[in-house]
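What follows is one structure encoded as structure tokens, with my remarks underneath.
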Amino acid sequence: MAWLPIAMGRPVPVGERFVLVATDWLVYYMMQPAGLMLVGLAIAIPFVFWRLILGNTFAGVGFTPLVIAYTSALLGVLVASFISSYSHFSHRVAIGLLEEGPRWSLLPGWTIYRAALSLILLLPLLAIVGVPLSAVLLRKQRLTYASIAAMAVALWLVLALVGWAMPPNRVSFFDWLMGLLPGIVLVMVPFFVGIRVSLRSRPPTEY
């Protein structure tokens, strides 16, 4: 792909080439009807979890908070992907692998590519962790900004620990923390805050 954000302007080792082909195939598949259907299901199924976990509380809450949360998270993915792509392009210009000229013609494609790859991990994470956890806290009336901060920090540490512990470990724990920080700040926090903000105008007895 012309806008592939890595491995341009240099020989690609066999192992990295395999990864590039695999990610290219994943992004291509996600853009096909079957892939888009899977993405739709990955977003729709958590709404069922939301309804079941909230129980009687759902009547005073509805699906609106979750719609706002997913919209906020997806916008955060685009912002994080753009920042990452911009930084990566600047690095390649600095080391002489790319010229400055095509920056703004390549960045949109790079951003979409990174965002699509991010969804492969993000959607299951939101479905398994984000939606159930926020629904439980909401039902118990404990979805506060303090609890959101605590969840974000805990999730940040756990994900970094899992990544650091997976073999082969070539990245330090600190690097994992720094690598995950934009996703936590720009995606996970807006997801939880989106739910909380959407409930600000409701009396406590409604949720």
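Letters A, B, ... mark the chains of the structure tokens in the order given; residue numbers begin at 1 per chain; ligand numbers begin at 1, in order shown.
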
Exercise. Among region 21-201 of chain A, which residues carry a DSSP assignment of alpha helix (DSSP H), reported as a PyMOL selection string?
Worked result: chain A and resi 21-30+33-54+64-94+103-125+131-139+145-165+173-183+189-198

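Distance annotation: of A:Pro167, A:Gly76, A:Pro102, A:Pro65, the residue with the minimal separation from Val197 (chain A) is A:Pro65; atom set is only C-alpha atoms.
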
Problem set entry | Residues near Pro124 (chain A), cut-off 12 Å, only C-alpha atoms, skip fewer than 6 positions along chain, as a PyMOL selection string | chain A and resi 38-39+41-46+118+130-132

Exercise. Suppose you want the space between CA of Val67 (chain A) and CA of Trp176 (chain A); what is it in Å?
Worked result: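 Here the two named atoms are 29.7 Å from each other.
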
For this session: Write out as a PyMOL selection string each polymer residue whose atoms come within 9 Å of Ile148 (chain A), counting only C-alpha atoms; drop sequence neighbours fewer than 6 positions from it.
Result: chain A and resi 134+189+192-193+196

Exercise. Residues at most 10 Å from Gly194 (chain A), counting only C-alpha atoms, excluding those fewer than 4 positions away in the same chain, as an MDAnalysis selection string?
Worked result: chainID A and resid 64:73 188:190 198:199

Export of prior selection with all heavy atoms as a JSON list (two decimals), in the first residue's frame:
[["chain", "number", "residue", "atom", "x", "y", "z"],
["A", 64, "THR", "N", -28.29, 6.08, 25.10],
["A", 64, "THR", "CA", -27.60, 7.32, 24.72],
["A", 64, "THR", "C", -26.21, 7.46, 25.31],
["A", 64, "THR", "O", -25.26, 7.82, 24.60],
["A", 64, "THR", "CB", -28.45, 8.54, 25.11],
["A", 64, "THR", "OG1", -29.72, 8.46, 24.42],
["A", 64, "THR", "CG2", -27.76, 9.84, 24.72],
["A", 65, "PRO", "N", -26.00, 7.19, 26.62],
["A", 65, "PRO", "CA", -24.65, 7.32, 27.17],
["A", 65, "PRO", "C", -23.63, 6.43, 26.46],
["A", 65, "PRO", "O", -22.48, 6.84, 26.27],
["A", 65, "PRO", "CB", -24.83, 6.90, 28.64],
["A", 65, "PRO", "CG", -26.25, 7.17, 28.94],
["A", 65, "PRO", "CD", -26.98, 6.86, 27.67],
["A", 66, "LEU", "N", -24.05, 5.23, 26.06],
["A", 66, "LEU", "CA", -23.13, 4.31, 25.40],
["A", 66, "LEU", "C", -22.82, 4.79, 23.98],
["A", 66, "LEU", "O", -21.69, 4.64, 23.50],
["A", 66, "LEU", "CB", -23.71, 2.90, 25.38],
["A", 66, "LEU", "CG", -22.70, 1.76, 25.19],
["A", 66, "LEU", "CD1", -21.61, 1.82, 26.24],
["A", 66, "LEU", "CD2", -23.42, 0.41, 25.23],
["A", 67, "VAL", "N", -23.81, 5.34, 23.30],
["A", 67, "VAL", "CA", -23.58, 5.90, 21.96],
["A", 67, "VAL", "C", -22.56, 7.04, 22.05],
["A", 67, "VAL", "O", -21.63, 7.12, 21.24],
["A", 67, "VAL", "CB", -24.90, 6.41, 21.35],
["A", 67, "VAL", "CG1", -24.62, 7.16, 20.05],
["A", 67, "VAL", "CG2", -25.85, 5.24, 21.09],
["A", 68, "ILE", "N", -22.74, 7.92, 23.04],
["A", 68, "ILE", "CA", -21.79, 9.03, 23.23],
["A", 68, "ILE", "C", -20.40, 8.49, 23.57],
["A", 68, "ILE", "O", -19.39, 9.01, 23.08],
["A", 68, "ILE", "CB", -22.30, 9.97, 24.33],
["A", 68, "ILE", "CG1", -23.59, 10.65, 23.88],
["A", 68, "ILE", "CG2", -21.25, 11.00, 24.70],
["A", 68, "ILE", "CD1", -24.25, 11.49, 24.95],
["A", 69, "ALA", "N", -20.35, 7.45, 24.40],
["A", 69, "ALA", "CA", -19.06, 6.88, 24.80],
["A", 69, "ALA", "C", -18.32, 6.30, 23.60],
["A", 69, "ALA", "O", -17.12, 6.55, 23.42],
["A", 69, "ALA", "CB", -19.29, 5.80, 25.85],
["A", 70, "TYR", "N", -19.01, 5.53, 22.77],
["A", 70, "TYR", "CA", -18.36, 4.94, 21.60],
["A", 70, "TYR", "C", -17.94, 6.01, 20.60],
["A", 70, "TYR", "O", -16.87, 5.92, 19.99],
["A", 70, "TYR", "CB", -19.28, 3.91, 20.93],
["A", 70, "TYR", "CG", -19.04, 2.51, 21.42],
["A", 70, "TYR", "CD1", -19.76, 1.98, 22.48],
["A", 70, "TYR", "CD2", -18.08, 1.70, 20.82],
["A", 70, "TYR", "CE1", -19.54, 0.69, 22.94],
["A", 70, "TYR", "CE2", -17.84, 0.40, 21.26],
["A", 70, "TYR", "CZ", -18.58, -0.10, 22.32],
["A", 70, "TYR", "OH", -18.35, -1.37, 22.78],
["A", 71, "THR", "N", -18.79, 7.02, 20.42],
["A", 71, "THR", "CA", -18.43, 8.10, 19.51],
["A", 71, "THR", "C", -17.18, 8.82, 19.99],
["A", 71, "THR", "O", -16.27, 9.12, 19.21],
["A", 71, "THR", "CB", -19.59, 9.10, 19.40],
["A", 71, "THR", "OG1", -20.76, 8.43, 18.92],
["A", 71, "THR", "CG2", -19.24, 10.23, 18.43],
["A", 72, "SER", "N", -17.12, 9.08, 21.30],
["A", 72, "SER", "CA", -15.95, 9.75, 21.88],
["A", 72, "SER", "C", -14.69, 8.90, 21.71],
["A", 72, "SER", "O", -13.62, 9.41, 21.37],
["A", 72, "SER", "CB", -16.19, 10.03, 23.37],
["A", 72, "SER", "OG", -17.33, 10.85, 23.56],
["A", 73, "ALA", "N", -14.82, 7.59, 21.95],
["A", 73, "ALA", "CA", -13.67, 6.69, 21.83],
["A", 73, "ALA", "C", -13.18, 6.61, 20.39],
["A", 73, "ALA", "O", -11.97, 6.64, 20.13],
["A", 73, "ALA", "CB", -14.03, 5.31, 22.35],
["A", 188, "MET", "N", -9.70, 5.66, 26.10],
["A", 188, "MET", "CA", -10.41, 5.06, 27.22],
["A", 188, "MET", "C", -11.03, 6.10, 28.14],
["A", 188, "MET", "O", -12.19, 5.96, 28.56],
["A", 188, "MET", "CB", -9.46, 4.15, 28.01],
["A", 188, "MET", "CG", -8.95, 2.96, 27.23],
["A", 188, "MET", "SD", -10.25, 1.97, 26.44],
["A", 188, "MET", "CE", -11.20, 1.41, 27.87],
["A", 189, "VAL", "N", -10.28, 7.15, 28.48],
["A", 189, "VAL", "CA", -10.84, 8.19, 29.34],
["A", 189, "VAL", "C", -12.06, 8.86, 28.69],
["A", 189, "VAL", "O", -13.10, 9.01, 29.34],
["A", 189, "VAL", "CB", -9.76, 9.23, 29.72],
["A", 189, "VAL", "CG1", -10.40, 10.43, 30.41],
["A", 189, "VAL", "CG2", -8.72, 8.59, 30.64],
["A", 190, "PRO", "N", -11.99, 9.26, 27.41],
["A", 190, "PRO", "CA", -13.19, 9.83, 26.78],
["A", 190, "PRO", "C", -14.37, 8.86, 26.76],
["A", 190, "PRO", "O", -15.52, 9.29, 26.83],
["A", 190, "PRO", "CB", -12.72, 10.16, 25.37],
["A", 190, "PRO", "CG", -11.26, 10.42, 25.51],
["A", 190, "PRO", "CD", -10.80, 9.43, 26.55],
["A", 198, "SER", "N", -22.90, 12.47, 29.90],
["A", 198, "SER", "CA", -24.26, 12.35, 29.35],
["A", 198, "SER", "C", -25.31, 12.23, 30.45],
["A", 198, "SER", "O", -26.50, 12.41, 30.18],
["A", 198, "SER", "CB", -24.35, 11.13, 28.43],
["A", 198, "SER", "OG", -24.26, 9.92, 29.18],
["A", 199, "LEU", "N", -24.88, 11.94, 31.68],
["A", 199, "LEU", "CA", -25.81, 11.76, 32.79],
["A", 199, "LEU", "C", -25.86, 12.98, 33.71],
["A", 199, "LEU", "O", -26.58, 12.97, 34.70],
["A", 199, "LEU", "CB", -25.43, 10.54, 33.62],
["A", 199, "LEU", "CG", -25.41, 9.21, 32.87],
["A", 199, "LEU", "CD1", -24.78, 8.13, 33.72],
["A", 199, "LEU", "CD2", -26.82, 8.81, 32.47]]

For this session: Enter the distance from CA of Gly55 (chain A) to CA of Leu138 (chain A), in Å, rounded to one decimal.
Result: 11.0 Å

Exercise. Looking at only C-alpha atoms, which of A:Leu107, A:Leu157, A:Ile83, A:Ile128 is the one that sits closest to Trp50 (chain A)?
Worked result: A:Ile128

Exercise. Closest to Leu54 (chain A) among A:Val136, A:Val187, A:Leu155, A:Val129, using only C-alpha atoms?
Worked result: A:Val136

Exercise. Residues at most 12 Å from Met31 (chain A), counting only C-alpha atoms, excluding those fewer than 4 positions away in the same chain, as a ChimeraX atom specification?
Worked result: /A:24-27,35-40,112-113,116-117

Write out, as a short mmCIF file (atom, residue, chain, number, x, y, z; two decimals), in the first residue's frame, the residues just selected, with N, CA, C and O atoms.
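part_35.cif, freshly written:
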data_model
loop_
_atom_site.label_atom_id
_atom_site.label_comp_id
_atom_site.auth_asym_id
_atom_site.auth_seq_id
_atom_site.Cartn_x
_atom_site.Cartn_y
_atom_site.Cartn_z
N ASP A 24 -1.65 -5.67 6.55
CA ASP A 24 -2.29 -5.24 5.31
C ASP A 24 -3.56 -6.06 5.05
O ASP A 24 -4.61 -5.52 4.69
N TRP A 25 -3.44 -7.37 5.24
CA TRP A 25 -4.59 -8.24 5.00
C TRP A 25 -5.71 -7.94 5.98
O TRP A 25 -6.89 -7.90 5.60
N LEU A 26 -5.37 -7.71 7.25
CA LEU A 26 -6.39 -7.40 8.25
C LEU A 26 -7.14 -6.12 7.91
O LEU A 26 -8.37 -6.08 7.98
N VAL A 27 -6.40 -5.08 7.55
CA VAL A 27 -7.05 -3.82 7.21
C VAL A 27 -7.91 -3.98 5.95
O VAL A 27 -9.04 -3.48 5.89
N GLY A 35 -15.99 -7.89 6.79
CA GLY A 35 -15.25 -7.24 7.86
C GLY A 35 -16.04 -6.13 8.51
O GLY A 35 -16.04 -5.98 9.74
N LEU A 36 -16.74 -5.33 7.70
CA LEU A 36 -17.57 -4.26 8.25
C LEU A 36 -18.70 -4.84 9.09
O LEU A 36 -19.11 -4.25 10.10
N MET A 37 -19.21 -6.01 8.68
CA MET A 37 -20.25 -6.65 9.47
C MET A 37 -19.72 -7.09 10.83
O MET A 37 -20.39 -6.92 11.86
N LEU A 38 -18.49 -7.62 10.85
CA LEU A 38 -17.89 -8.02 12.13
C LEU A 38 -17.65 -6.81 13.03
O LEU A 38 -17.87 -6.88 14.24
N VAL A 39 -17.21 -5.71 12.43
CA VAL A 39 -17.01 -4.49 13.21
C VAL A 39 -18.35 -4.03 13.79
O VAL A 39 -18.44 -3.63 14.96
N GLY A 40 -19.40 -4.09 12.96
CA GLY A 40 -20.72 -3.70 13.44
C GLY A 40 -21.19 -4.57 14.59
O GLY A 40 -21.75 -4.08 15.58
N ILE A 112 -5.97 6.38 8.76
CA ILE A 112 -7.04 5.38 8.63
C ILE A 112 -6.49 3.98 8.87
O ILE A 112 -7.12 3.15 9.53
N TYR A 113 -5.30 3.73 8.33
CA TYR A 113 -4.66 2.42 8.49
C TYR A 113 -4.44 2.11 9.98
O TYR A 113 -4.80 1.04 10.47
N ALA A 116 -7.77 1.63 11.86
CA ALA A 116 -8.37 0.32 11.60
C ALA A 116 -7.67 -0.78 12.39
O ALA A 116 -8.33 -1.65 12.97
N LEU A 117 -6.34 -0.74 12.44
CA LEU A 117 -5.62 -1.73 13.24
C LEU A 117 -5.94 -1.59 14.72
O LEU A 117 -6.07 -2.58 15.44
#

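For the set A:Ala135, A:Val61, A:Ile184, A:Leu52, the residue with the smallest atom-to-atom gap to Ala150 (chain A) is A:Ile184, counting only C-alpha atoms.
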
Exercise. So how many Å separate CA of Pro182 (chain A) and CA of Ala165 (chain A), to one decimal?
Worked result: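 Result for CA of Pro182 (chain A) versus CA of Ala165 (chain A): 20.4 Å, one decimal.
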
For this session: Counting only C-alpha atoms, figure out which residue out of A:Leu98, A:Leu75, A:Ile195, A:Val48 gets nearest to Thr111 (chain A).
Result: A:Leu75
